[in-house]
$ cat input.txt   # compact mmCIF, C-alpha atoms and all ligand atoms
# COMPACT_ATOMS: atom_id res chain seq x y z
CA MET A 1 -9.04 11.64 -19.45
CA LYS A 2 -7.33 8.47 -18.18
CA GLU A 3 -9.39 5.43 -17.23
CA ASN A 4 -9.49 4.13 -13.67
CA VAL A 5 -6.07 3.73 -12.09
CA LEU A 6 -7.07 0.17 -11.27
CA ARG A 7 -9.87 -2.07 -12.50
CA ILE A 8 -10.25 -5.63 -11.25
CA ARG A 9 -13.09 -7.92 -12.25
CA ASN A 10 -13.88 -11.47 -11.13
CA LEU A 11 -10.33 -12.19 -9.97
CA TYR A 12 -9.53 -15.70 -8.76
CA LYS A 13 -6.31 -16.96 -7.17
CA SER A 14 -5.65 -20.31 -5.48
CA PHE A 15 -2.55 -22.03 -4.14
CA GLY A 16 -3.11 -25.79 -4.55
CA ASP A 17 -6.35 -26.58 -2.73
CA LEU A 18 -6.44 -23.22 -0.99
CA ASP A 19 -8.81 -20.81 -2.74
CA VAL A 20 -7.64 -17.36 -1.58
CA LEU A 21 -9.32 -14.82 -3.89
CA LYS A 22 -12.75 -15.84 -5.13
CA GLY A 23 -14.30 -13.28 -7.42
CA VAL A 24 -12.68 -9.98 -6.44
CA ASP A 25 -13.99 -6.79 -8.08
CA LEU A 26 -12.22 -3.51 -7.33
CA ASP A 27 -11.82 -0.02 -8.79
CA LEU A 28 -9.44 2.74 -7.79
CA ASN A 29 -9.99 6.29 -8.95
CA GLN A 30 -7.41 8.99 -9.60
CA SER A 31 -5.98 10.60 -6.43
CA GLU A 32 -7.99 8.31 -4.18
CA ASN A 33 -6.87 6.53 -1.02
CA LEU A 34 -8.54 3.14 -0.85
CA VAL A 35 -8.10 1.12 2.32
CA VAL A 36 -8.33 -2.67 2.03
CA LEU A 37 -9.27 -4.15 5.38
CA GLY A 38 -9.42 -7.80 6.23
CA LYS A 39 -8.49 -10.44 8.76
CA SER A 40 -5.08 -12.03 8.70
CA GLY A 41 -4.74 -14.56 5.90
CA THR A 42 -7.64 -13.31 3.74
CA GLY A 43 -5.43 -12.56 0.76
CA LYS A 44 -4.65 -8.84 1.07
CA SER A 45 -0.96 -9.33 0.32
CA VAL A 46 -1.75 -11.75 -2.50
CA LEU A 47 -3.98 -9.05 -3.99
CA ILE A 48 -1.27 -6.36 -3.96
CA LYS A 49 1.28 -8.83 -5.32
CA ILE A 50 -1.05 -9.44 -8.27
CA ILE A 51 -1.53 -5.67 -8.74
CA SER A 52 2.24 -5.09 -8.73
CA GLY A 53 2.87 -8.01 -11.13
CA LEU A 54 4.84 -10.13 -8.63
CA ILE A 55 2.40 -13.01 -9.12
CA THR A 56 -0.31 -13.65 -11.70
CA ALA A 57 -4.02 -14.27 -11.26
CA ASP A 58 -5.56 -17.64 -12.19
CA SER A 59 -8.41 -15.86 -13.95
CA GLY A 60 -10.19 -12.52 -14.13
CA GLU A 61 -9.39 -9.02 -15.38
CA VAL A 62 -6.62 -6.97 -13.74
CA ASN A 63 -5.91 -3.61 -15.33
CA VAL A 64 -3.29 -1.35 -13.69
CA LEU A 65 -2.70 2.15 -15.09
CA GLY A 66 -4.05 0.98 -18.45
CA PHE A 67 -1.98 -2.23 -18.60
CA ASP A 68 -3.64 -5.64 -18.75
CA MET A 69 -1.65 -7.66 -16.19
CA ASN A 70 -2.61 -10.96 -17.85
CA THR A 71 -0.91 -10.09 -21.13
CA ILE A 72 1.66 -7.45 -20.09
CA THR A 73 5.09 -7.83 -21.72
CA LYS A 74 8.32 -7.91 -19.67
CA GLU A 75 9.30 -4.47 -21.04
CA ASP A 76 5.92 -2.95 -20.12
CA LEU A 77 6.12 -4.50 -16.65
CA ILE A 78 9.50 -2.82 -16.08
CA PHE A 79 7.97 0.47 -17.24
CA LEU A 80 4.87 -0.02 -15.06
CA ARG A 81 6.97 -0.76 -11.98
CA LEU A 82 8.47 2.72 -12.25
CA LYS A 83 4.96 4.10 -11.81
CA VAL A 84 3.87 1.80 -8.98
CA GLY A 85 5.48 2.40 -5.59
CA PHE A 86 5.48 -0.36 -2.98
CA CYS A 87 5.87 0.55 0.71
CA PHE A 88 6.87 -2.67 2.42
CA GLN A 89 5.66 -3.58 5.88
CA ASN A 90 9.23 -3.82 7.22
CA SER A 91 10.40 -0.71 5.27
CA ALA A 92 13.02 -2.94 3.52
CA LEU A 93 15.93 -0.48 3.88
CA TYR A 94 19.48 -1.55 3.01
CA ASP A 95 21.31 -1.69 6.34
CA SER A 96 24.76 -1.05 4.86
CA MET A 97 23.70 2.19 3.10
CA THR A 98 23.08 5.61 4.61
CA ILE A 99 19.55 7.00 4.53
CA GLY A 100 20.51 9.26 1.61
CA GLU A 101 21.97 6.32 -0.34
CA ASN A 102 18.85 4.25 0.37
CA ILE A 103 16.67 6.95 -1.18
CA GLU A 104 19.01 7.51 -4.13
CA PHE A 105 19.15 3.80 -4.91
CA PRO A 106 15.91 3.42 -6.92
CA LEU A 107 16.60 6.67 -8.76
CA LYS A 108 20.07 5.57 -9.86
CA TYR A 109 18.91 2.04 -10.64
CA ALA A 110 15.87 2.99 -12.70
CA LEU A 111 16.91 6.32 -14.24
CA LYS A 112 20.42 5.55 -15.43
CA THR A 113 21.03 8.96 -17.03
CA ILE A 114 19.83 11.10 -14.11
CA SER A 115 22.34 13.79 -13.07
CA ARG A 116 23.97 13.98 -9.62
CA GLN A 117 22.35 17.37 -9.11
CA GLU A 118 18.85 16.01 -9.85
CA ILE A 119 19.45 13.05 -7.52
CA GLU A 120 20.43 15.42 -4.68
CA LYS A 121 17.44 17.67 -5.36
CA ARG A 122 14.91 14.84 -5.37
CA THR A 123 16.45 13.13 -2.34
CA ASP A 124 16.43 16.33 -0.30
CA ARG A 125 12.86 17.10 -1.34
CA VAL A 126 11.46 13.76 -0.15
CA LEU A 127 13.50 13.82 3.06
CA GLU A 128 11.99 17.23 3.71
CA ALA A 129 8.51 15.89 2.89
CA VAL A 130 8.82 13.14 5.51
CA GLY A 131 10.40 15.52 8.03
CA LEU A 132 13.76 13.70 8.27
CA ARG A 133 16.26 15.87 6.37
CA GLN A 134 18.69 15.61 9.30
CA THR A 135 18.98 11.82 8.95
CA LYS A 136 20.51 11.86 5.45
CA ASN A 137 23.96 10.68 6.56
CA GLN A 138 22.75 8.32 9.28
CA MET A 139 22.45 4.54 9.01
CA PRO A 140 19.03 2.77 9.17
CA ALA A 141 20.00 1.05 12.47
CA GLU A 142 20.23 4.50 14.11
CA LEU A 143 16.57 5.30 13.35
CA SER A 144 13.39 4.37 15.24
CA GLY A 145 10.75 2.09 13.70
CA GLY A 146 8.55 5.09 12.87
CA GLN A 147 11.45 6.95 11.26
CA ARG A 148 12.33 3.90 9.15
CA LYS A 149 8.72 3.75 7.96
CA ARG A 150 8.98 7.41 6.94
CA ILE A 151 12.20 6.71 5.03
CA GLY A 152 10.52 3.73 3.33
CA ILE A 153 7.77 6.11 2.19
CA ALA A 154 10.37 8.70 1.08
CA ARG A 155 12.15 6.06 -1.00
CA THR A 156 8.84 5.24 -2.69
CA ILE A 157 7.74 8.81 -3.45
CA VAL A 158 11.16 9.83 -4.79
CA MET A 159 10.14 7.98 -7.99
CA ASN A 160 6.95 10.10 -8.31
CA PRO A 161 4.70 7.03 -8.52
CA GLU A 162 1.17 7.28 -9.88
CA LEU A 163 0.03 4.40 -7.68
CA ILE A 164 1.32 3.67 -4.17
CA LEU A 165 0.73 0.34 -2.43
CA TYR A 166 1.13 0.54 1.33
CA ASP A 167 1.41 -2.85 3.07
CA GLU A 168 0.47 -2.49 6.75
CA PRO A 169 1.98 1.01 7.11
CA THR A 170 1.29 1.24 10.84
CA ALA A 171 2.12 -2.33 11.90
CA GLY A 172 4.30 -2.52 14.98
CA LEU A 173 4.17 1.20 15.79
CA ASP A 174 2.92 2.91 18.96
CA PRO A 175 -0.43 4.79 18.65
CA ILE A 176 1.13 8.26 18.40
CA THR A 177 3.58 7.22 15.70
CA CYS A 178 0.66 5.51 13.89
CA VAL A 179 -1.18 8.82 13.74
CA GLU A 180 1.98 10.53 12.41
CA ILE A 181 2.31 7.91 9.64
CA ASN A 182 -1.40 8.27 8.81
CA ASN A 183 -0.91 12.04 8.51
CA LEU A 184 2.11 11.48 6.27
CA ILE A 185 0.03 9.23 3.98
CA LEU A 186 -2.51 12.06 3.68
CA GLU A 187 0.25 14.64 3.00
CA VAL A 188 1.74 12.41 0.30
CA LYS A 189 -1.67 12.18 -1.34
CA GLU A 190 -2.05 15.97 -1.24
CA GLU A 191 1.42 16.81 -2.50
CA TYR A 192 2.03 14.01 -5.02
CA GLN A 193 -1.58 13.46 -6.20
CA ALA A 194 -0.90 9.74 -6.30
CA SER A 195 -3.62 7.11 -5.91
CA SER A 196 -3.05 4.66 -3.10
CA ILE A 197 -4.12 1.29 -1.80
CA ILE A 198 -3.52 0.91 1.90
CA ILE A 199 -3.60 -2.64 3.22
CA THR A 200 -4.22 -2.78 6.95
CA HIS A 201 -6.18 -4.23 9.82
CA ASP A 202 -5.69 -1.02 11.82
CA LEU A 203 -9.12 0.65 11.99
CA THR A 204 -7.66 4.01 13.04
CA CYS A 205 -5.47 3.98 9.95
CA ALA A 206 -8.49 3.05 7.81
CA LYS A 207 -10.63 5.81 9.27
CA GLN A 208 -7.94 8.47 9.04
CA THR A 209 -6.45 7.74 5.63
CA GLY A 210 -9.22 6.16 3.56
CA ASP A 211 -11.45 8.08 1.17
CA ARG A 212 -13.01 4.68 0.73
CA VAL A 213 -12.76 1.43 2.66
CA ALA A 214 -13.25 -2.05 1.20
CA LEU A 215 -13.63 -5.08 3.41
CA LEU A 216 -12.12 -8.33 2.11
CA LEU A 217 -13.79 -11.30 3.75
CA GLU A 218 -13.78 -14.92 2.66
CA GLY A 219 -12.10 -14.23 -0.66
CA SER A 220 -14.09 -11.29 -1.99
CA PHE A 221 -15.06 -7.72 -1.15
CA GLN A 222 -18.17 -7.94 1.00
CA LYS A 223 -18.64 -4.27 1.72
CA GLU A 224 -17.23 -0.95 0.55
CA GLY A 225 -17.88 2.74 1.07
CA THR A 226 -16.75 5.41 3.50
CA PHE A 227 -15.57 4.16 6.88
CA SER A 228 -18.91 5.00 8.50
CA GLU A 229 -20.93 3.47 5.65
CA VAL A 230 -19.07 0.18 6.01
CA PHE A 231 -19.28 0.05 9.79
CA ASN A 232 -22.68 1.69 10.34
CA SER A 233 -25.05 0.45 12.97
CA HIS A 234 -26.88 -1.72 10.42
CA ALA A 235 -23.73 -3.52 9.36
CA GLU A 236 -24.22 -7.20 8.59
CA ASN A 237 -23.10 -9.77 11.10
CA LYS A 238 -19.71 -10.61 9.57
CA VAL A 239 -18.85 -6.89 9.17
CA LYS A 240 -19.83 -6.27 12.77
CA GLN A 241 -17.77 -9.24 13.89
CA PHE A 242 -14.70 -7.80 12.18
CA TYR A 243 -15.34 -4.38 13.72
CA ASP A 244 -16.09 -5.72 17.20
CA TYR A 245 -12.98 -7.90 17.17
CA ASN A 246 -10.78 -4.95 16.23
CA PHE A 247 -12.68 -2.61 18.48
CA MET A 248 -11.75 -4.75 21.47
CA GLU A 249 -8.13 -4.30 20.46
CA GLN A 250 -8.42 -0.57 19.70
CA GLU A 251 -10.98 0.86 22.08
CA THR A 252 -10.44 4.47 21.09
CA ILE A 253 -12.15 4.28 17.71
CA LYS A 254 -15.49 5.99 17.25
CA ILE A 255 -17.37 5.71 13.98
N1 LIG A 301 3.12 -18.23 -2.58
C1 LIG A 301 2.20 -18.83 -1.82
N2 LIG A 301 2.09 -20.17 -1.80
C2 LIG A 301 1.15 -20.79 -1.07
N3 LIG A 301 0.25 -20.14 -0.28
C3 LIG A 301 0.31 -18.81 -0.26
C4 LIG A 301 1.29 -18.08 -1.02
N4 LIG A 301 1.10 -16.75 -0.78
C5 LIG A 301 0.07 -16.66 0.08
N5 LIG A 301 -0.41 -17.87 0.39
C6 LIG A 301 -1.53 -18.16 1.28
O1 LIG A 301 -2.62 -17.32 0.91
C7 LIG A 301 -3.35 -16.90 2.05
C8 LIG A 301 -3.44 -15.38 2.07
O2 LIG A 301 -2.15 -14.84 2.33
P1 LIG A 301 -1.88 -13.28 2.44
O3 LIG A 301 -0.43 -13.13 2.74
O4 LIG A 301 -2.39 -12.59 1.24
O5 LIG A 301 -2.76 -12.86 3.70
P2 LIG A 301 -3.00 -11.41 4.31
O6 LIG A 301 -4.47 -11.13 4.21
O7 LIG A 301 -2.08 -10.44 3.68
O8 LIG A 301 -2.61 -11.68 5.82
P3 LIG A 301 -1.82 -10.78 6.91
O9 LIG A 301 -2.76 -9.70 7.31
O10 LIG A 301 -1.56 -11.76 8.00
O11 LIG A 301 -0.55 -10.29 6.25
C9 LIG A 301 -2.62 -17.46 3.27
O12 LIG A 301 -3.27 -18.65 3.67
C10 LIG A 301 -1.22 -17.79 2.74
O13 LIG A 301 -0.65 -18.88 3.41
$ encode --input "input.txt" --output "structure tokens"
Amino acid sequence: MKENVLRIRNLYKSFGDLDVLKGVDLDLNQSENLVVLGKSGTGKSVLIKIISGLITADSGEVNVLGFDMNTITKEDLIFLRLKVGFCFQNSALYDSMTIGENIEFPLKYALKTISRQEIEKRTDRVLEAVGLRQTKNQMPAELSGGQRKRIGIARTIVMNPELILYDEPTAGLDPITCVEINNLILEVKEEYQASSIIITHDLTCAKQTGDRVALLLEGSFQKEGTFSEVFNSHAENKVKQFYDYNFMEQETIKI
């Protein structure tokens, strides 16, 4: 039995005088969707950059899929990155490539000996999974924002990642498309059995996709549990403030 997918203890990260993460503890279990909620500028992106090895912590324990991120070698980091999928907020598609080529790209880049037949099979499978098989020969500019998000997710799951990091998956989308993306995140979890961290300040996304929700406030996790446990009627003042602020923006949410 593998250990936790992710184990973080007493993590600190500052930039000059700015203390961003101040004693973060976090665990992620196998096949779990964990939503990290927090106001803008609280360090959510910094946290996932540390988890994906893009930046290092100042102190504290960060263990990702059994690798200690403080002592990981360059070779192990390359290996780990094949197992950690990152869904960027802006989808980060290559504009000059077709949708099919965009999805093939990480496969060809990371798995140098993969056959053409296997590339086609895996590309078609993920396009099918995100419901966009018909877009394979189209260019990214021809797709809507929601479709580009789906392709971004397809390009991540084509590598069969064990851990998926979603950065603001519903940002900039209309409410109906948001619900479609939330459903896709749930389908990916079901079909690929990956564990995920979903960074968002969209409470609908948190409620719909999260097995567990963790609220990052003032540099550390102040509250975690199911959506209703975190935002129950006895929630502390700062949790309520976060909820009320977002509730004003998104009036449709009921706990
Ligand atoms: N490389 C860096 N150098 C200096 N400051 C940084 C750096 N990266 C992040 N910060 C600062 O750390 C703080 C947290 O940034 P971060 O991007 O993690 O916020 P966030 O919670 O993801 O916000 P948002 O929801 O707006 O994306 C911000 O004040 C930001 O300016």
$ residues_near_ligand --input "input.txt" --ligand "ligand LIG 301 (chain A)" --cutoff "9 Å" --atoms "only C-alpha atoms and all ligand atoms" --output "list in words"
Lys13, Ser14, Phe15, Gly16, Leu18, Asp19, Val20, Leu21, Leu37, Gly38, Lys39, Ser40, Gly41, Thr42, Gly43, Lys44, Ser45, Val46, Leu47, Ile48, Lys49, Ile55, Asp167, Glu168, Ile199, Thr200, His201 and Leu216 of chain A
$ residues_around --input "input.txt" --residues "Thr226 of chain A" --least-positions-apart "3" --cutoff "9 Å" --atoms "all atoms listed in the file" --output "count of residues only"
9
$ atom_distance --input "input.txt" --atom1 "atom CA of Leu186 of chain A" --atom2 "atom CA of Arg7 of chain A"
22.7 Å
$ residues_around --input "input.txt" --residues "Leu127 of chain A" --least-positions-apart "2" --cutoff "10 Å" --atoms "only C-alpha atoms" --output "PyMOL selection string"
chain A and resi 99-100+103+122-125+129-136+150-151+153-155+158
$ write_last_selection --input "input.txt" --atoms "C-alpha atoms" --output "compact mmCIF listing (two decimals), keeping the file's coordinate frame"
# COMPACT_ATOMS: atom_id res chain seq x y z
CA ILE A 99 19.55 7.00 4.53
CA GLY A 100 20.51 9.26 1.61
CA ILE A 103 16.67 6.95 -1.18
CA ARG A 122 14.91 14.84 -5.37
CA THR A 123 16.45 13.13 -2.34
CA ASP A 124 16.43 16.33 -0.30
CA ARG A 125 12.86 17.10 -1.34
CA ALA A 129 8.51 15.89 2.89
CA VAL A 130 8.82 13.14 5.51
CA GLY A 131 10.40 15.52 8.03
CA LEU A 132 13.76 13.70 8.27
CA ARG A 133 16.26 15.87 6.37
CA GLN A 134 18.69 15.61 9.30
CA THR A 135 18.98 11.82 8.95
CA LYS A 136 20.51 11.86 5.45
CA ARG A 150 8.98 7.41 6.94
CA ILE A 151 12.20 6.71 5.03
CA ILE A 153 7.77 6.11 2.19
CA ALA A 154 10.37 8.70 1.08
CA ARG A 155 12.15 6.06 -1.00
CA VAL A 158 11.16 9.83 -4.79
$ residues_near_point --input "input.txt" --point "(19.9, 4.8, 8.0)" --cutoff "7 Å" --atoms "all atoms listed in the file" --output "list in words"
Asp95, Met97, Thr98, Ile99, Gln138, Met139, Pro140, Ala141, Glu142 and Leu143 of chain A
$ axis_aligned_box --input "input.txt" --around "segment 196-203 of chain A" --padding-each-side "5 Å" --output "lines of an AutoDock Vina configuration file"
center_x = -6.1
center_y = 0.2
center_z = 4.4
size_x = 16.1
size_y = 18.9
size_z = 25.1
$ residues_around --input "input.txt" --residues "segment 56-72 of chain A" --least-positions-apart "4" --cutoff "8 Å" --atoms "all atoms listed in the file" --output "MDAnalysis selection string"
chainID A and resid 3:14 23 50:51 76:77 80
$ residues_around --input "input.txt" --residues "Ile181 of chain A" --least-positions-apart "3" --cutoff "9 Å" --atoms "all atoms listed in the file" --output "PDB file with C-alpha atoms, keeping the file's coordinate frame"
ATOM      1  CA  GLY A 146       8.550   5.090  12.870  1.00  0.00           C
ATOM      2  CA  LYS A 149       8.720   3.750   7.960  1.00  0.00           C
ATOM      3  CA  ARG A 150       8.980   7.410   6.940  1.00  0.00           C
ATOM      4  CA  PRO A 169       1.980   1.010   7.110  1.00  0.00           C
ATOM      5  CA  THR A 170       1.290   1.240  10.840  1.00  0.00           C
ATOM      6  CA  ILE A 176       1.130   8.260  18.400  1.00  0.00           C
ATOM      7  CA  THR A 177       3.580   7.220  15.700  1.00  0.00           C
ATOM      8  CA  CYS A 178       0.660   5.510  13.890  1.00  0.00           C
ATOM      9  CA  LEU A 184       2.110  11.480   6.270  1.00  0.00           C
ATOM     10  CA  ILE A 185       0.030   9.230   3.980  1.00  0.00           C
ATOM     11  CA  LEU A 186      -2.510  12.060   3.680  1.00  0.00           C
ATOM     12  CA  CYS A 205      -5.470   3.980   9.950  1.00  0.00           C
TER      13      CYS A 205
END
$ residues_near_point --input "input.txt" --point "(19.0, 7.6, -10.6)" --cutoff "12 Å" --atoms "all atoms listed in the file" --output "PyMOL selection string"
chain A and resi 82+101-123+155+158-159
$ closest_residue --input "input.txt" --among "A:Asp17, A:Asp25, A:Asp174, A:Glu75" --to "Lys223 of chain A" --atoms "all atoms listed in the file"
A:Asp25
$ build_atoms --input "input.txt" --residues "segment 147-179 of chain A" --atoms "N, CA and C atoms" --output "CSV table (one decimal), in the frame of the given file"
chain,number,residue,atom,x,y,z
A,147,GLN,N,10.6,6.2,12.2
A,147,GLN,CA,11.4,7.0,11.3
A,147,GLN,C,11.8,6.1,10.0
A,148,ARG,N,12.0,4.8,10.3
A,148,ARG,CA,12.3,3.9,9.2
A,148,ARG,C,11.1,3.8,8.2
A,149,LYS,N,9.9,3.8,8.8
A,149,LYS,CA,8.7,3.8,8.0
A,149,LYS,C,8.7,5.0,7.1
A,150,ARG,N,9.0,6.1,7.7
A,150,ARG,CA,9.0,7.4,6.9
A,150,ARG,C,10.0,7.4,5.8
A,151,ILE,N,11.2,6.8,6.1
A,151,ILE,CA,12.2,6.7,5.0
A,151,ILE,C,11.7,5.7,3.9
A,152,GLY,N,11.1,4.7,4.3
A,152,GLY,CA,10.5,3.7,3.3
A,152,GLY,C,9.5,4.5,2.4
A,153,ILE,N,8.7,5.3,3.0
A,153,ILE,CA,7.8,6.1,2.2
A,153,ILE,C,8.5,7.1,1.3
A,154,ALA,N,9.6,7.7,1.9
A,154,ALA,CA,10.4,8.7,1.1
A,154,ALA,C,11.0,8.0,-0.1
A,155,ARG,N,11.5,6.8,0.1
A,155,ARG,CA,12.2,6.1,-1.0
A,155,ARG,C,11.1,5.7,-2.1
A,156,THR,N,9.9,5.5,-1.7
A,156,THR,CA,8.8,5.2,-2.7
A,156,THR,C,8.5,6.5,-3.5
A,157,ILE,N,8.2,7.6,-2.8
A,157,ILE,CA,7.7,8.8,-3.4
A,157,ILE,C,8.8,9.5,-4.3
A,158,VAL,N,10.1,9.2,-4.0
A,158,VAL,CA,11.2,9.8,-4.8
A,158,VAL,C,11.0,9.5,-6.3
A,159,MET,N,10.3,8.4,-6.6
A,159,MET,CA,10.1,8.0,-8.0
A,159,MET,C,8.9,8.6,-8.6
A,160,ASN,N,8.2,9.5,-7.9
A,160,ASN,CA,7.0,10.1,-8.3
A,160,ASN,C,5.9,9.1,-8.8
A,161,PRO,N,5.6,8.1,-8.0
A,161,PRO,CA,4.7,7.0,-8.5
A,161,PRO,C,3.3,7.5,-8.7
A,162,GLU,N,2.6,6.9,-9.7
A,162,GLU,CA,1.2,7.3,-9.9
A,162,GLU,C,0.3,6.5,-9.0
A,163,LEU,N,0.8,5.3,-8.6
A,163,LEU,CA,0.0,4.4,-7.7
A,163,LEU,C,1.0,4.0,-6.6
A,164,ILE,N,0.5,4.1,-5.3
A,164,ILE,CA,1.3,3.7,-4.2
A,164,ILE,C,0.6,2.5,-3.4
A,165,LEU,N,1.3,1.5,-3.2
A,165,LEU,CA,0.7,0.3,-2.4
A,165,LEU,C,1.4,0.3,-1.1
A,166,TYR,N,0.6,0.6,0.0
A,166,TYR,CA,1.1,0.5,1.3
A,166,TYR,C,0.7,-0.8,2.0
A,167,ASP,N,1.7,-1.6,2.4
A,167,ASP,CA,1.4,-2.8,3.1
A,167,ASP,C,1.6,-2.7,4.6
A,168,GLU,N,0.5,-2.6,5.3
A,168,GLU,CA,0.5,-2.5,6.8
A,168,GLU,C,1.4,-1.3,7.2
A,169,PRO,N,1.1,-0.1,6.8
A,169,PRO,CA,2.0,1.0,7.1
A,169,PRO,C,2.1,1.3,8.6
A,170,THR,N,1.2,0.9,9.4
A,170,THR,CA,1.3,1.2,10.8
A,170,THR,C,1.6,0.0,11.7
A,171,ALA,N,1.9,-1.1,11.1
A,171,ALA,CA,2.1,-2.3,11.9
A,171,ALA,C,3.3,-2.2,12.8
A,172,GLY,N,3.2,-2.5,14.0
A,172,GLY,CA,4.3,-2.5,15.0
A,172,GLY,C,4.7,-1.2,15.5
A,173,LEU,N,3.8,-0.1,15.3
A,173,LEU,CA,4.2,1.2,15.8
A,173,LEU,C,3.3,1.6,17.0
A,174,ASP,N,3.8,2.5,17.8
A,174,ASP,CA,2.9,2.9,19.0
A,174,ASP,C,1.8,3.8,18.4
A,175,PRO,N,0.7,4.0,19.2
A,175,PRO,CA,-0.4,4.8,18.6
A,175,PRO,C,-0.1,6.2,18.2
A,176,ILE,N,0.8,6.9,18.8
A,176,ILE,CA,1.1,8.3,18.4
A,176,ILE,C,1.9,8.2,17.1
A,177,THR,N,2.8,7.3,17.0
A,177,THR,CA,3.6,7.2,15.7
A,177,THR,C,2.6,6.8,14.6
A,178,CYS,N,1.7,5.9,14.9
A,178,CYS,CA,0.7,5.5,13.9
A,178,CYS,C,0.0,6.7,13.3
A,179,VAL,N,-0.5,7.6,14.2
A,179,VAL,CA,-1.2,8.8,13.7
A,179,VAL,C,-0.3,9.7,12.9
